[in-house]
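Printed here is work17.cif (mmCIF, C-alpha atoms and all ligand atoms):
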```cif
data_work
loop_
_atom_site.label_atom_id
_atom_site.label_comp_id
_atom_site.auth_asym_id
_atom_site.auth_seq_id
_atom_site.Cartn_x
_atom_site.Cartn_y
_atom_site.Cartn_z
CA MET G 1 0.00 0.00 0.00
CA GLN G 2 1.29 3.43 -0.88
CA PRO G 3 1.74 5.85 1.97
CA MET G 4 -1.07 8.35 2.07
CA ASN G 5 0.88 11.49 1.43
CA THR G 6 2.26 10.42 -1.94
CA ILE G 7 -1.13 10.66 -3.62
CA GLN G 8 -2.26 14.21 -4.26
CA LEU G 9 -5.69 13.58 -5.71
CA SER G 10 -8.40 10.93 -5.36
CA VAL G 11 -11.28 11.00 -7.82
CA ILE G 12 -14.36 9.16 -6.57
CA ILE G 13 -16.96 7.92 -9.00
CA PRO G 14 -20.15 6.04 -8.05
CA VAL G 15 -21.35 3.73 -10.80
CA TYR G 16 -24.82 2.29 -11.11
CA ASN G 17 -25.89 0.71 -14.41
CA GLU G 18 -23.64 2.89 -16.54
CA GLU G 19 -22.31 0.29 -19.02
CA GLU G 20 -22.95 2.39 -22.14
CA GLY G 21 -21.08 5.41 -20.91
CA LEU G 22 -18.13 3.99 -18.97
CA GLN G 23 -15.71 3.63 -21.88
CA THR G 24 -16.21 7.26 -22.93
CA LEU G 25 -15.67 8.26 -19.31
CA PHE G 26 -12.33 6.39 -19.20
CA ASP G 27 -11.29 7.90 -22.54
CA ARG G 28 -11.76 11.42 -21.21
CA LEU G 29 -10.98 11.07 -17.51
CA TYR G 30 -7.58 9.37 -17.63
CA PRO G 31 -6.00 11.78 -20.16
CA ALA G 32 -7.47 14.75 -18.29
CA LEU G 33 -5.87 13.58 -15.04
CA ASP G 34 -2.58 12.59 -16.68
CA LYS G 35 -2.40 16.14 -18.01
CA LEU G 36 -2.64 17.67 -14.53
CA GLY G 37 0.82 16.30 -13.80
CA ILE G 38 0.06 15.28 -10.21
CA SER G 39 -0.14 11.88 -8.58
CA PHE G 40 -3.69 10.62 -8.55
CA GLU G 41 -5.92 7.61 -8.03
CA ILE G 42 -9.40 6.92 -9.30
CA VAL G 43 -11.78 5.04 -7.02
CA PHE G 44 -14.82 3.55 -8.75
CA ILE G 45 -17.63 2.22 -6.61
CA ASN G 46 -19.96 -0.21 -8.29
CA ASP G 47 -23.26 0.29 -6.49
CA GLY G 48 -24.71 -3.13 -7.26
CA SER G 49 -25.20 -2.51 -10.99
CA ARG G 50 -27.31 -5.07 -12.73
CA ASP G 51 -25.67 -4.56 -16.12
CA ARG G 52 -22.06 -5.14 -17.24
CA SER G 53 -20.65 -2.15 -15.34
CA ALA G 54 -18.78 -4.32 -12.79
CA ALA G 55 -17.09 -6.33 -15.55
CA ILE G 56 -16.11 -3.16 -17.42
CA LEU G 57 -14.63 -1.68 -14.23
CA ARG G 58 -12.69 -4.89 -13.64
CA GLU G 59 -11.20 -4.64 -17.15
CA GLN G 60 -10.29 -1.01 -16.58
CA PHE G 61 -8.61 -1.94 -13.32
CA GLN G 62 -6.50 -4.45 -15.22
CA ALA G 63 -5.63 -1.85 -17.86
CA ARG G 64 -4.51 0.85 -15.36
CA PRO G 65 -3.91 -0.93 -12.02
CA ASP G 66 -1.42 1.73 -10.93
CA VAL G 67 -4.04 4.47 -10.62
CA THR G 68 -7.35 2.60 -10.49
CA ARG G 69 -9.18 1.08 -7.56
CA VAL G 70 -12.58 -0.52 -7.68
CA VAL G 71 -14.92 -1.11 -4.75
CA LEU G 72 -17.65 -3.62 -5.53
CA PHE G 73 -20.80 -3.38 -3.39
CA ASN G 74 -22.92 -6.46 -3.06
CA GLY G 75 -26.16 -4.55 -3.54
CA ASN G 76 -27.57 -1.13 -4.37
CA PHE G 77 -27.00 1.19 -1.43
CA GLY G 78 -27.42 4.51 -3.22
CA GLN G 79 -25.16 7.19 -4.62
CA HIS G 80 -24.33 8.84 -1.30
CA MET G 81 -23.37 5.57 0.39
CA ALA G 82 -21.20 4.72 -2.63
CA ILE G 83 -19.39 8.02 -2.23
CA MET G 84 -19.00 7.36 1.51
CA ALA G 85 -17.31 4.05 0.72
CA GLY G 86 -15.10 5.87 -1.77
CA PHE G 87 -14.12 8.37 0.92
CA GLU G 88 -13.16 5.56 3.25
CA GLN G 89 -11.00 3.98 0.57
CA SER G 90 -9.45 7.19 -0.70
CA ARG G 91 -5.91 8.19 0.17
CA GLY G 92 -5.40 11.44 -1.70
CA GLN G 93 -4.68 14.76 -0.02
CA ARG G 94 -7.62 16.12 -1.98
CA VAL G 95 -10.72 14.30 -3.06
CA VAL G 96 -12.96 15.11 -6.02
CA THR G 97 -16.36 13.48 -6.49
CA LEU G 98 -17.63 13.06 -10.04
CA ASP G 99 -20.66 11.38 -11.61
CA ALA G 100 -20.09 8.55 -14.05
CA ASP G 101 -22.39 9.98 -16.69
CA LEU G 102 -20.01 12.75 -17.85
CA GLN G 103 -22.54 15.48 -17.12
CA ASN G 104 -19.62 17.31 -15.53
CA PRO G 105 -16.55 17.48 -17.77
CA PRO G 106 -13.56 15.76 -16.12
CA GLU G 107 -11.41 18.41 -17.83
CA ASP G 108 -12.81 20.89 -15.27
CA ILE G 109 -11.21 19.07 -12.31
CA GLY G 110 -8.26 21.44 -12.77
CA LEU G 111 -10.58 24.39 -12.07
CA LEU G 112 -11.62 22.93 -8.72
CA LEU G 113 -8.02 22.24 -7.75
CA ALA G 114 -6.88 25.73 -8.77
CA LYS G 115 -9.54 27.17 -6.47
CA MET G 116 -8.30 24.95 -3.64
CA ASP G 117 -4.78 26.29 -4.21
CA GLU G 118 -6.15 29.67 -3.14
CA GLY G 119 -6.61 28.23 0.34
CA HIS G 120 -10.11 26.81 0.28
CA ASP G 121 -10.82 23.46 1.90
CA TYR G 122 -14.13 22.87 0.10
CA VAL G 123 -14.89 23.83 -3.47
CA GLY G 124 -18.43 23.40 -4.73
CA SER G 125 -19.55 23.88 -8.29
CA ILE G 126 -22.22 25.79 -10.10
CA ARG G 127 -23.46 24.43 -13.38
CA ARG G 128 -22.91 27.01 -16.09
CA GLN G 129 -25.86 25.89 -18.11
CA ARG G 130 -27.84 23.06 -16.70
CA ASN G 131 -28.96 20.34 -19.09
CA ASP G 132 -31.70 18.50 -17.26
CA SER G 133 -35.43 18.23 -17.71
CA TRP G 134 -37.43 21.43 -16.97
CA TRP G 135 -39.16 20.08 -13.87
CA ARG G 136 -35.77 19.36 -12.30
CA HIS G 137 -34.84 23.04 -12.81
CA VAL G 138 -38.02 24.28 -11.15
CA ALA G 139 -37.98 21.79 -8.26
CA SER G 140 -34.31 22.33 -7.66
CA ARG G 141 -34.67 26.12 -7.49
CA ALA G 142 -37.55 25.80 -5.00
CA MET G 143 -35.59 23.40 -2.78
CA ASN G 144 -32.50 25.61 -2.95
CA ASN G 145 -34.56 28.54 -1.65
CA LEU G 146 -36.12 26.53 1.15
CA ARG G 147 -32.79 25.10 2.22
CA GLU G 148 -31.16 28.53 2.32
CA ARG G 149 -33.85 29.61 4.77
CA ILE G 150 -33.92 26.68 7.15
CA THR G 151 -30.32 25.49 7.26
CA ARG G 152 -27.07 27.32 7.61
CA ILE G 153 -25.81 25.78 4.42
CA LYS G 154 -25.09 28.18 1.58
CA MET G 155 -24.84 26.46 -1.78
CA THR G 156 -25.77 28.03 -5.06
CA ASP G 157 -26.38 24.72 -6.76
CA GLN G 158 -27.12 21.90 -4.35
CA GLY G 159 -27.81 19.25 -6.98
CA CYS G 160 -24.31 19.13 -8.40
CA MET G 161 -22.02 16.46 -6.96
CA PHE G 162 -18.92 17.66 -8.78
CA ARG G 163 -16.99 18.98 -5.79
CA ALA G 164 -13.53 18.97 -4.24
CA TYR G 165 -12.74 18.36 -0.58
CA ASP G 166 -9.63 18.59 1.52
CA ARG G 167 -8.40 15.52 3.41
CA VAL G 168 -9.38 17.11 6.76
CA ILE G 169 -13.03 17.25 5.67
CA ILE G 170 -12.93 13.69 4.34
CA GLU G 171 -11.63 12.45 7.70
CA ALA G 172 -14.41 14.32 9.48
CA ILE G 173 -17.03 12.77 7.21
CA ASN G 174 -15.50 9.32 7.69
CA SER G 175 -15.93 9.63 11.43
CA CYS G 176 -19.62 10.54 11.11
CA HIS G 177 -21.29 7.26 10.15
CA GLU G 178 -24.48 8.99 9.05
CA VAL G 179 -26.99 6.63 7.56
CA ASN G 180 -29.07 8.76 5.22
CA THR G 181 -27.16 11.82 4.37
CA PHE G 182 -26.44 14.41 1.73
CA ILE G 183 -22.71 14.57 1.27
CA PRO G 184 -22.22 18.12 -0.07
CA ALA G 185 -24.19 19.48 2.90
CA LEU G 186 -22.37 17.32 5.44
CA ALA G 187 -19.03 18.39 4.01
CA TYR G 188 -20.11 22.02 4.00
CA SER G 189 -20.88 21.87 7.71
CA PHE G 190 -17.22 20.97 8.34
CA ALA G 191 -15.69 23.42 5.90
CA ARG G 192 -13.67 26.31 7.26
CA ASN G 193 -13.33 28.26 4.05
CA PRO G 194 -15.73 27.07 1.34
CA ALA G 195 -15.81 28.43 -2.20
CA GLU G 196 -17.57 27.75 -5.48
CA VAL G 197 -16.55 27.72 -9.12
CA VAL G 198 -18.56 27.60 -12.32
CA VAL G 199 -18.22 24.39 -14.30
CA GLY G 200 -19.70 22.98 -17.49
CA HIS G 201 -22.73 20.72 -17.58
CA ASP G 202 -23.76 18.46 -20.44
CA GLU G 203 -26.53 16.06 -21.10
CA ARG G 204 -26.03 12.49 -20.02
CA ILE G 205 -23.85 10.71 -22.59
CA ALA G 206 -25.77 7.46 -22.27
CA GLY G 207 -28.32 5.70 -20.11
CA GLU G 208 -30.87 7.59 -18.08
CA SER G 209 -31.06 9.43 -14.77
CA LYS G 210 -31.25 7.10 -11.79
CA TYR G 211 -33.36 9.59 -9.88
CA SER G 212 -37.11 9.43 -10.10
CA LEU G 213 -39.32 12.18 -8.69
CA TYR G 214 -39.82 9.99 -5.61
CA SER G 215 -36.14 9.53 -4.86
CA LEU G 216 -35.53 13.25 -5.37
CA ILE G 217 -38.22 14.00 -2.79
CA ARG G 218 -36.61 11.50 -0.42
CA LEU G 219 -33.21 13.08 -0.97
CA ASN G 220 -34.58 16.51 -0.13
CA PHE G 221 -36.14 15.21 3.09
CA ASP G 222 -32.67 13.90 3.98
CA LEU G 223 -31.30 17.33 3.31
CA MET G 224 -33.91 19.20 5.33
CA THR G 225 -34.35 16.87 8.29
CA GLY G 226 -30.71 15.83 8.36
CA PHE G 227 -29.35 19.32 8.72
CA SER G 228 -32.04 21.36 10.40
CA LEU G 229 -34.58 21.23 13.21
CA VAL G 230 -36.45 24.21 11.76
CA PRO G 231 -39.23 22.08 10.20
CA LEU G 232 -40.05 20.65 13.65
CA GLN G 233 -39.74 24.00 15.35
CA MET G 234 -42.10 25.54 12.81
CA PHE G 235 -44.74 23.16 14.11
CA SER G 236 -44.40 24.24 17.71
CA MET G 237 -44.68 27.82 16.45
CA ALA G 238 -47.80 26.99 14.40
CA GLY G 239 -49.23 25.09 17.38
CA MET G 240 -48.66 28.04 19.66
CA LEU G 241 -50.25 30.44 17.23
CA THR G 242 -53.37 28.32 16.70
CA SER G 243 -53.89 27.78 20.41
CA VAL G 244 -53.73 31.52 21.04
CA ILE G 245 -56.17 32.21 18.19
CA SER G 246 -58.57 29.43 19.23
CA GLY G 247 -58.43 30.66 22.83
CA LEU G 248 -59.54 34.12 21.69
CA PHE G 249 -62.17 32.52 19.45
CA PHE G 250 -63.51 30.57 22.42
CA ILE G 251 -63.89 33.70 24.51
CA LEU G 252 -65.66 35.41 21.60
CA LEU G 253 -68.10 32.51 21.22
CA VAL G 254 -68.90 32.45 24.94
CA VAL G 255 -69.60 36.18 24.90
CA ARG G 256 -71.80 35.81 21.77
CA ARG G 257 -73.68 32.94 23.42
CA LEU G 258 -74.44 35.14 26.41
CA VAL G 259 -75.33 38.23 24.40
CA ILE G 260 -77.10 36.83 21.29
CA GLY G 261 -78.10 33.37 22.49
CA PRO G 262 -77.47 29.97 20.78
CA GLU G 263 -76.67 30.08 17.03
CA ALA G 264 -75.68 27.50 14.38
CA GLU G 265 -74.57 29.67 11.47
CA GLY G 266 -71.25 29.22 9.64
CA LEU G 267 -71.15 25.46 10.09
CA PHE G 268 -69.37 24.82 6.79
CA THR G 269 -66.76 27.47 7.42
CA LEU G 270 -66.06 25.59 10.60
CA PHE G 271 -65.73 22.34 8.62
CA ALA G 272 -63.26 23.91 6.22
CA LEU G 273 -61.27 25.21 9.16
CA VAL G 274 -61.25 21.81 10.87
CA PHE G 275 -60.17 19.96 7.73
CA PHE G 276 -57.39 22.44 7.17
CA MET G 277 -56.17 21.91 10.72
CA ILE G 278 -56.37 18.13 10.32
CA GLY G 279 -54.23 18.42 7.18
CA ILE G 280 -51.60 20.41 9.00
CA THR G 281 -51.65 17.97 11.91
CA LEU G 282 -51.16 14.97 9.63
CA PHE G 283 -48.27 16.71 7.91
CA GLY G 284 -46.79 17.42 11.32
CA ILE G 285 -47.04 13.78 12.36
CA GLY G 286 -45.43 12.75 9.07
CA LEU G 287 -42.64 15.20 9.63
CA LEU G 288 -42.12 13.89 13.14
CA GLY G 289 -41.95 10.44 11.55
CA GLU G 290 -39.11 11.62 9.30
CA TYR G 291 -37.03 12.50 12.34
CA VAL G 292 -37.99 9.41 14.31
CA GLY G 293 -37.16 7.28 11.26
CA ARG G 294 -33.73 8.86 11.01
CA ILE G 295 -33.08 8.19 14.69
CA TYR G 296 -34.29 4.62 14.28
CA GLN G 297 -31.98 3.95 11.35
CA GLN G 298 -29.09 5.53 13.15
CA VAL G 299 -29.48 3.57 16.38
CA ARG G 300 -29.88 0.20 14.68
CA HIS G 301 -26.19 0.24 13.87
CA ARG G 302 -26.63 -1.87 10.81
CA PRO G 303 -23.84 -1.71 8.26
CA ARG G 304 -24.53 1.11 5.86
CA TYR G 305 -23.24 -0.85 2.92
CA LEU G 306 -21.63 -4.18 2.21
CA VAL G 307 -18.45 -4.45 0.19
CA GLU G 308 -18.06 -7.61 -1.83
CA ALA G 309 -14.48 -6.96 -2.95
CA VAL G 310 -11.94 -4.22 -3.43
CA LEU G 311 -9.74 -4.40 -6.50
CA GLU G 312 -6.46 -2.66 -5.83
CA LYS G 313 -2.81 -2.94 -6.60
CA GLN G 314 -0.73 -4.62 -3.95
CA ASP G 315 3.06 -4.41 -3.68
CA ALA G 316 3.51 -7.63 -5.57
CA GLY G 317 1.54 -6.52 -8.61
CA ALA G 318 -2.17 -6.44 -9.10
CA ARG G 319 -4.25 -8.88 -7.20
CA ILE G 320 -7.64 -8.95 -5.67
CA GLN G 321 -7.78 -8.11 -2.02
CA ASP G 322 -9.69 -10.44 0.29
CA PRO G 323 -13.34 -9.60 0.34
CA VAL G 324 -14.13 -7.03 2.97
CA LYS G 325 -17.13 -8.26 4.85
CA ASN G 326 -18.37 -5.13 6.41
CA GLY G 327 -17.83 -1.83 4.70
CA ALA G 328 -19.07 0.05 7.70
CA ALA G 329 -16.11 -0.82 9.87
CA GLY G 330 -16.28 0.99 13.14
CA LEU G 331 -20.02 1.41 13.08
N1 LIG G 401 -25.70 6.31 -8.74
C1 LIG G 401 -25.33 5.32 -7.84
N2 LIG G 401 -26.31 4.64 -7.16
C2 LIG G 401 -27.63 4.92 -7.32
C3 LIG G 401 -27.99 5.95 -8.22
C4 LIG G 401 -27.00 6.63 -8.90
O1 LIG G 401 -24.15 5.04 -7.65
O2 LIG G 401 -28.45 4.26 -6.69
C5 LIG G 401 -24.63 7.04 -9.49
C6 LIG G 401 -24.80 7.06 -11.00
O3 LIG G 401 -24.18 5.96 -11.60
C7 LIG G 401 -24.10 8.36 -11.37
C8 LIG G 401 -24.38 9.25 -10.18
O4 LIG G 401 -24.71 8.38 -9.10
O5 LIG G 401 -22.70 8.19 -11.49
C9 LIG G 401 -25.46 10.26 -10.45
O6 LIG G 401 -26.63 9.63 -10.92
P1 LIG G 401 -27.52 10.27 -12.06
O7 LIG G 401 -26.66 10.79 -13.15
O8 LIG G 401 -28.54 9.25 -12.44
O9 LIG G 401 -28.20 11.45 -11.28
P2 LIG G 401 -28.60 12.88 -11.90
O10 LIG G 401 -27.43 13.40 -12.67
O11 LIG G 401 -29.80 12.64 -12.76
O12 LIG G 401 -28.90 13.70 -10.68
MG MG G 402 -26.26 12.66 -13.91
#
```

Can you dump the structure from the file as C-alpha cells?
Ligand code: UDP
Ligand code: MG
Amino acid sequence: MQPMNTIQLSVIIPVYNEEEGLQTLFDRLYPALDKLGISFEIVFINDGSRDRSAAILREQFQARPDVTRVVLFNGNFGQHMAIMAGFEQSRGQRVVTLDADLQNPPEDIGLLLAKMDEGHDYVGSIRRQRNDSWWRHVASRAMNNLRERITRIKMTDQGCMFRAYDRVIIEAINSCHEVNTFIPALAYSFARNPAEVVVGHDERIAGESKYSLYSLIRLNFDLMTGFSLVPLQMFSMAGMLTSVISGLFFILLVVRRLVIGPEAEGLFTLFALVFFMIGITLFGIGLLGEYVGRIYQQVRHRPRYLVEAVLEKQDAGARIQDPVKNGAAGL
C-alpha cells in the first residue's frame, strides 16, 4: 500500500448501471488527469449494478492498475453511500467526487483544484448551463430557496455532486457514520473556508437518470431533516399560534352565546377550518416520523453498505484483495 501522502488527488466515481457510458468516461478522464501532472488515483464504486458495469470496471482496473481502484458493493445502497465508501478507501490529499455519466466534464477538475490552491478546503460547483429536464430546474430552485432559509448551508447549486474536498473534511465525514445523508451538505458543515466555481454541464452521454421524482423528494427530506430542526420548530410555532387564536375565538363565542343566544350559522366554514387543521396535523405527524425514522436507522447500527471486494494494486503486482465483509467498519 502506498503511503497516504504520496497521492495528491483521489477521484471518486459512483457507478450504477452505466455500461454504455463507462468507456467514454475512461477515454476522457484518464488523459485529463494525466495532463494535470500530479499523482492521482481513481476510485470507482460499483453500487450493485445489474448490467455489465462491474465487468467493465474490472477490465479497466487491469488496464490501469497503478491508478485505479474498484470497490464492488454487493447490492444497491445509493449514490451517497457509494461516495462514503469511496471516501473511506481514498488516500489522496484532496478528493474530487464526479458522476459517471459525464454530465460534468472531467477536464474541469483542474478548475476545482486551482480554487483549492487559493486556500479553500471545500470547493463546490455551479453548473454554467444546466442540461436537465425542466421540472428538475423548477424543483431544484424551489428546494434551494427553502434550504437557504432553514439550514445554515449556503450552496448556489445543491444538486451538483462535482466537488472537491480537503483531506481534513474527508476524515471528518469518515468519522460521522451517518446513515441517510447528503454529502455536499455534510461536508459544508465541516468546511472552514468554502468556495464555489462555475463548471460545465452536459446532457447524459448514455443511459438515463437514476433519480425518479420519488427519490428526489426523499433526498430533499434527507437534506432538510438531516441538517435542520427548523421544520419541527415551525410546528411548535404553528401550534402556539393556533392555540392563542382558538383561545380568543372561544372567549368570543362564549360572549356571543351570552349576548345573542345559541346560534348555528357558519357550520361549513367551521368544517373547512377543521379539515385544514387536520391536514396540518397529519403533515406534522409525518414530519415527526421523518425525524424518528432517522433516529431509528441511526441507532440500529446496521452496516450502511456491504463491500463484496476491493480491486487494488498490492506491492507484488495487481491482485484482488480479500473480500471485505463489512464496509461500515467501526459502526
Ligand atoms: N448512482 C449510484 N447509485 C444509485 C444511483 C446513482 O451510484 O443508486 C450514481 C450514478 O451511476 C451516477 C451518479 O450516481 O454516477 C449520479 O446519478 P444520475 O446521473 O442518475 O443522477 P442525476 O445526474 O440525474 O442527478
Ligand atoms: Mg447525472

Please provide as a ChimeraX atom specification all residues within 12 Å of Ile217 (chain G), with the sequence filter that same-chain residues fewer than 6 positions apart are discarded (counting all atoms listed in the file).
-> /G:136,139-140,143,211,223-224

C-alpha atoms of the current selection, written as a PDB file, in the coordinates of the input:
```
ATOM      1  CA  ARG G 136     -35.770  19.360 -12.300  1.00  0.00           C
ATOM      2  CA  ALA G 139     -37.980  21.790  -8.260  1.00  0.00           C
ATOM      3  CA  SER G 140     -34.310  22.330  -7.660  1.00  0.00           C
ATOM      4  CA  MET G 143     -35.590  23.400  -2.780  1.00  0.00           C
ATOM      5  CA  TYR G 211     -33.360   9.590  -9.880  1.00  0.00           C
ATOM      6  CA  LEU G 223     -31.300  17.330   3.310  1.00  0.00           C
ATOM      7  CA  MET G 224     -33.910  19.200   5.330  1.00  0.00           C
TER       8      MET G 224
END
```

Would you name the residues within 10 Å of ligand MG 402 (chain G), counting only C-alpha atoms and all ligand atoms, and put them as a compact mmCIF listing (two decimals) with C-alpha atoms, in the frame of the given file?
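See selection09.txt below for the written result:
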```
# COMPACT_ATOMS: atom_id res chain seq x y z
CA LEU G 98 -17.63 13.06 -10.04
CA ASP G 99 -20.66 11.38 -11.61
CA ALA G 100 -20.09 8.55 -14.05
CA ASP G 101 -22.39 9.98 -16.69
CA LEU G 102 -20.01 12.75 -17.85
CA GLN G 103 -22.54 15.48 -17.12
CA ASN G 104 -19.62 17.31 -15.53
CA ASN G 131 -28.96 20.34 -19.09
CA ASP G 132 -31.70 18.50 -17.26
CA GLY G 159 -27.81 19.25 -6.98
CA CYS G 160 -24.31 19.13 -8.40
CA MET G 161 -22.02 16.46 -6.96
CA HIS G 201 -22.73 20.72 -17.58
CA ASP G 202 -23.76 18.46 -20.44
CA GLU G 203 -26.53 16.06 -21.10
CA ARG G 204 -26.03 12.49 -20.02
CA ILE G 205 -23.85 10.71 -22.59
CA ALA G 206 -25.77 7.46 -22.27
CA GLY G 207 -28.32 5.70 -20.11
CA GLU G 208 -30.87 7.59 -18.08
CA SER G 209 -31.06 9.43 -14.77
CA LYS G 210 -31.25 7.10 -11.79
CA TYR G 211 -33.36 9.59 -9.88
```

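When all atoms listed in the file are used to measure the gap to ligand LIG 401 (chain G), the shortest distance among G:Val244, G:Leu267, G:Leu25, G:Val168 belongs to G:Leu25.
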
Neighbours of Ala187 (chain G) within 12 Å (only C-alpha atoms; same-chain residues fewer than 5 positions away dropped), as a ChimeraX atom specification?
-> /G:84,87,95,97,121-124,153-155,161,163-176,178,181-182,192-194,227

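Put simply, CA of Asn144 (chain G) is 19.9 Å away from atom O4 of ligand LIG 401 (chain G).
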
Might you pull out every residue within 10 Å of region 30-40 of chain G, with all atoms listed in the file counted and same-chain residues fewer than 3 positions away left off, and present them as number ranges by chain?
-> G: 6-11, 25-27, 43, 64, 66-68, 91-95, 105-110, 113

Find, counting only C-alpha atoms and all ligand atoms, the residue in G:Lys313, G:Arg69, G:Arg300, G:His80 that gets nearest to ligand LIG 401 (chain G).
-> G:His80

One decimal, Å: what's the distance from CA of Leu111 (chain G) over to CA of Ser125 (chain G), could you say?
-> 9.7 Å

Pick out the closest residue to ligand LIG 401 (chain G) from this set: G:Glu59, G:Glu18, G:Glu265, G:Asp157. Count only C-alpha atoms and all ligand atoms.
->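 Checking each candidate against ligand LIG 401 (chain G), we get G:Glu18 as the closest.
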
Missing atoms in region 108-115 of chain G should be modelled up to all heavy atoms and reported as a short mmCIF file (atom, residue, chain, number, x, y, z; two decimals), in the coordinates of the input.
```cif
data_model
loop_
_atom_site.label_atom_id
_atom_site.label_comp_id
_atom_site.auth_asym_id
_atom_site.auth_seq_id
_atom_site.Cartn_x
_atom_site.Cartn_y
_atom_site.Cartn_z
N ASP G 108 -12.65 19.76 -16.20
CA ASP G 108 -12.81 20.89 -15.27
C ASP G 108 -12.26 20.61 -13.87
O ASP G 108 -12.29 21.48 -13.01
CB ASP G 108 -14.29 21.27 -15.15
CG ASP G 108 -14.76 22.09 -16.35
OD1 ASP G 108 -13.91 22.41 -17.20
OD2 ASP G 108 -15.96 22.40 -16.43
N ILE G 109 -11.76 19.38 -13.64
CA ILE G 109 -11.21 19.07 -12.31
C ILE G 109 -10.11 20.07 -11.95
O ILE G 109 -10.01 20.51 -10.81
CB ILE G 109 -10.68 17.62 -12.27
CG1 ILE G 109 -11.86 16.64 -12.32
CG2 ILE G 109 -9.85 17.37 -11.01
CD1 ILE G 109 -11.47 15.19 -12.36
N GLY G 110 -9.32 20.46 -12.97
CA GLY G 110 -8.26 21.44 -12.77
C GLY G 110 -8.79 22.73 -12.17
O GLY G 110 -8.12 23.35 -11.33
N LEU G 111 -9.98 23.15 -12.59
CA LEU G 111 -10.58 24.39 -12.07
C LEU G 111 -10.81 24.29 -10.57
O LEU G 111 -10.54 25.22 -9.81
CB LEU G 111 -11.93 24.66 -12.75
CG LEU G 111 -11.94 25.05 -14.22
CD1 LEU G 111 -13.38 25.26 -14.68
CD2 LEU G 111 -11.13 26.31 -14.41
N LEU G 112 -11.36 23.13 -10.15
CA LEU G 112 -11.62 22.93 -8.72
C LEU G 112 -10.32 22.98 -7.93
O LEU G 112 -10.23 23.61 -6.87
CB LEU G 112 -12.31 21.58 -8.48
CG LEU G 112 -13.69 21.35 -9.09
CD1 LEU G 112 -14.21 19.98 -8.70
CD2 LEU G 112 -14.67 22.41 -8.61
N LEU G 113 -9.29 22.31 -8.47
CA LEU G 113 -8.02 22.24 -7.75
C LEU G 113 -7.36 23.61 -7.68
O LEU G 113 -6.79 23.99 -6.65
CB LEU G 113 -7.08 21.23 -8.43
CG LEU G 113 -7.59 19.79 -8.43
CD1 LEU G 113 -6.58 18.87 -9.06
CD2 LEU G 113 -7.93 19.31 -7.03
N ALA G 114 -7.48 24.38 -8.76
CA ALA G 114 -6.88 25.73 -8.77
C ALA G 114 -7.53 26.58 -7.68
O ALA G 114 -6.86 27.35 -6.99
CB ALA G 114 -7.07 26.37 -10.13
N LYS G 115 -8.85 26.42 -7.51
CA LYS G 115 -9.54 27.17 -6.47
C LYS G 115 -9.04 26.75 -5.09
O LYS G 115 -8.89 27.56 -4.18
CB LYS G 115 -11.05 26.93 -6.59
CG LYS G 115 -11.89 27.92 -5.84
CD LYS G 115 -12.00 29.22 -6.60
CE LYS G 115 -12.63 30.30 -5.74
NZ LYS G 115 -12.52 31.62 -6.37
#
```
